[in-house]
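Trainee: To start, I am sharing the structure in question, which I have written as structure tokens.
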Amino acid sequence: ICNLPSDLIIALIRLKSEEMFRSLYSYNSPDKLVFRLILLAIIVLSNTQNVWAQRFNFTQYNIEHGLIQSQVRALAQSPSRHLWFATQGGISRFDGSQFFSLTRAENGLANMSVSAVLADKNGKIFIGTPGGLSVYQGDGVRNYKLPEDEPKADKTHGNWVSNLVKDKSGRLLAHINYKAYLFNGNNFRRLKSSKSASDTVMALTSDSAGNVYAAVYRKGIYQIIGDSWKLVNSFT
């Protein structure tokens with residue numbers, strides 16, 4: 001585990017926690033020991049960082065300053081150095097002095113709640129919501145959903161975009177309904193880790209080099225290279 005990037009360690013913990021909590025009350029459970037070791041490592045690392053921590057000044061911004069909603073779920077910075085804040089009431093752009101916001105009611109976002117945001121090098125803003133993907137580039141909002149034959153999370157959240165990443169070649173990948181999808185600018189195409197359509201992708205992330213990783217439930221962490229999935233850490 002220690003040889004993996006920090007974002008993968010977080011994904012690993014996230015993935016394993018679902019399995020571990022089911023067996024935590026079993027006295028002789030090996031998962032219980034693994035879970036305790038992970039928690040111990042987190043505590044030790046946190047305490048080590050606190051020793052070298054510096055004091056910083058913070059300025060708080062909220063709805064009184066123009067933020068569309070106070071619960072921020074994700075953020076991104078565009079090439080213009082604007083900050084984009086994804087909230088449960090829409091998305092807000094901050095230029096250092098004032099906010100500009102996009103909402104479902106006023107601008108046609110796919111859903112009022114925003115769960116993910118990504119800005120590409122051309123200034124295009126990709127906005128993930130429970131109702132699909134919204135794309136904004138200054139001239140309005142365009143919405144995209146999964147094909148009707150794709151598996152849905154439930155009747156209410158059939159197109160839940162929970163995370164967005166770009167790989168080193170500039171491809172946009174989306175984490176939707178616990179699956180990984182490639183977005184080509186107009187449509188989504190599912191990327192399968194195996195022949196099994198039931199594989200559950202718990203997390204999707206990328207590192208600073210543009211390598212994309214997926215945490216697959218009960219299997220492990222994979223690196224997505226093109227359409228291929230390379231296993232980098234197994235849980236079996």
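In the structure tokens, chains take the letters A, B, ... in the order shown, each chain's residues start at 1, and ligands count up from 1 in the order shown.
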List every residue of range 56-171 of chain A that DSSP, applied to the backbone of this structure, assigns to strand (DSSP E or B), and report them as an MDAnalysis selection string.
Mentor: chainID A and resid 72:77 83:87 90:94 99:102 116:119 125:129 131:136 141:144 159 161:166
Trainee: For the residues selected in the previous step, produce a file with C-alpha atoms as an mmCIF file, in the first residue's frame.
Mentor:
data_model
loop_
_atom_site.group_PDB
_atom_site.id
_atom_site.type_symbol
_atom_site.label_atom_id
_atom_site.label_comp_id
_atom_site.auth_asym_id
_atom_site.auth_seq_id
_atom_site.Cartn_x
_atom_site.Cartn_y
_atom_site.Cartn_z
ATOM 1 C CA VAL A 72 -19.448 22.754 -1.367
ATOM 2 C CA ARG A 73 -18.874 19.236 -2.695
ATOM 3 C CA ALA A 74 -16.054 19.760 -5.230
ATOM 4 C CA LEU A 75 -13.934 22.488 -6.772
ATOM 5 C CA ALA A 76 -11.757 23.098 -9.824
ATOM 6 C CA GLN A 77 -9.625 25.874 -11.270
ATOM 7 C CA LEU A 83 -12.298 28.843 -9.062
ATOM 8 C CA TRP A 84 -15.441 26.777 -9.641
ATOM 9 C CA PHE A 85 -17.364 25.541 -6.593
ATOM 10 C CA ALA A 86 -19.809 22.638 -6.956
ATOM 11 C CA THR A 87 -22.626 22.897 -4.408
ATOM 12 C CA GLY A 90 -25.725 24.831 -8.375
ATOM 13 C CA ILE A 91 -22.181 25.834 -9.317
ATOM 14 C CA SER A 92 -20.391 29.138 -8.652
ATOM 15 C CA ARG A 93 -17.366 30.731 -10.336
ATOM 16 C CA PHE A 94 -15.172 32.985 -8.201
ATOM 17 C CA PHE A 99 -19.234 35.112 -7.740
ATOM 18 C CA PHE A 100 -21.035 34.116 -10.934
ATOM 19 C CA SER A 101 -23.385 31.135 -10.677
ATOM 20 C CA LEU A 102 -25.142 28.563 -12.847
ATOM 21 C CA ALA A 116 -18.300 16.989 -9.577
ATOM 22 C CA VAL A 117 -16.589 19.670 -11.659
ATOM 23 C CA LEU A 118 -13.635 19.633 -14.052
ATOM 24 C CA ALA A 119 -12.133 22.428 -16.176
ATOM 25 C CA ILE A 125 -16.384 23.355 -17.659
ATOM 26 C CA PHE A 126 -17.706 19.824 -17.149
ATOM 27 C CA ILE A 127 -20.328 19.634 -14.404
ATOM 28 C CA GLY A 128 -21.395 16.307 -12.889
ATOM 29 C CA THR A 129 -24.880 16.037 -11.375
ATOM 30 C CA GLY A 131 -29.208 14.070 -13.573
ATOM 31 C CA GLY A 132 -26.285 13.706 -15.962
ATOM 32 C CA LEU A 133 -23.381 15.759 -17.311
ATOM 33 C CA SER A 134 -23.671 19.493 -18.001
ATOM 34 C CA VAL A 135 -21.062 21.282 -20.134
ATOM 35 C CA TYR A 136 -20.526 25.055 -20.035
ATOM 36 C CA VAL A 141 -25.251 24.860 -20.884
ATOM 37 C CA ARG A 142 -25.549 21.580 -22.768
ATOM 38 C CA ASN A 143 -26.699 18.406 -21.005
ATOM 39 C CA TYR A 144 -25.826 14.768 -21.689
ATOM 40 C CA ASN A 159 -27.379 9.390 -14.383
ATOM 41 C CA VAL A 161 -22.053 11.658 -12.247
ATOM 42 C CA SER A 162 -20.037 11.440 -9.020
ATOM 43 C CA ASN A 163 -16.551 12.212 -10.393
ATOM 44 C CA LEU A 164 -14.808 13.449 -13.537
ATOM 45 C CA VAL A 165 -11.155 12.938 -14.535
ATOM 46 C CA LYS A 166 -9.010 13.408 -17.619
#
Trainee: Could you check the closest approach to Leu231 in chain A for each of A:Asn184, A:Tyr213, A:Arg218, A:Ser115 and tell me which residue wins, using only C-alpha atoms?
Mentor: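 Ranked by minimum distance to Leu231 in chain A, first place goes to A:Tyr213.
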Trainee: Record the distance separating CA of Ala180 in chain A and CA of Pro147 in chain A, expressed in Å with one decimal.
Mentor: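 According to the coordinates, CA of Ala180 in chain A and CA of Pro147 in chain A are separated by 13.9 Å.
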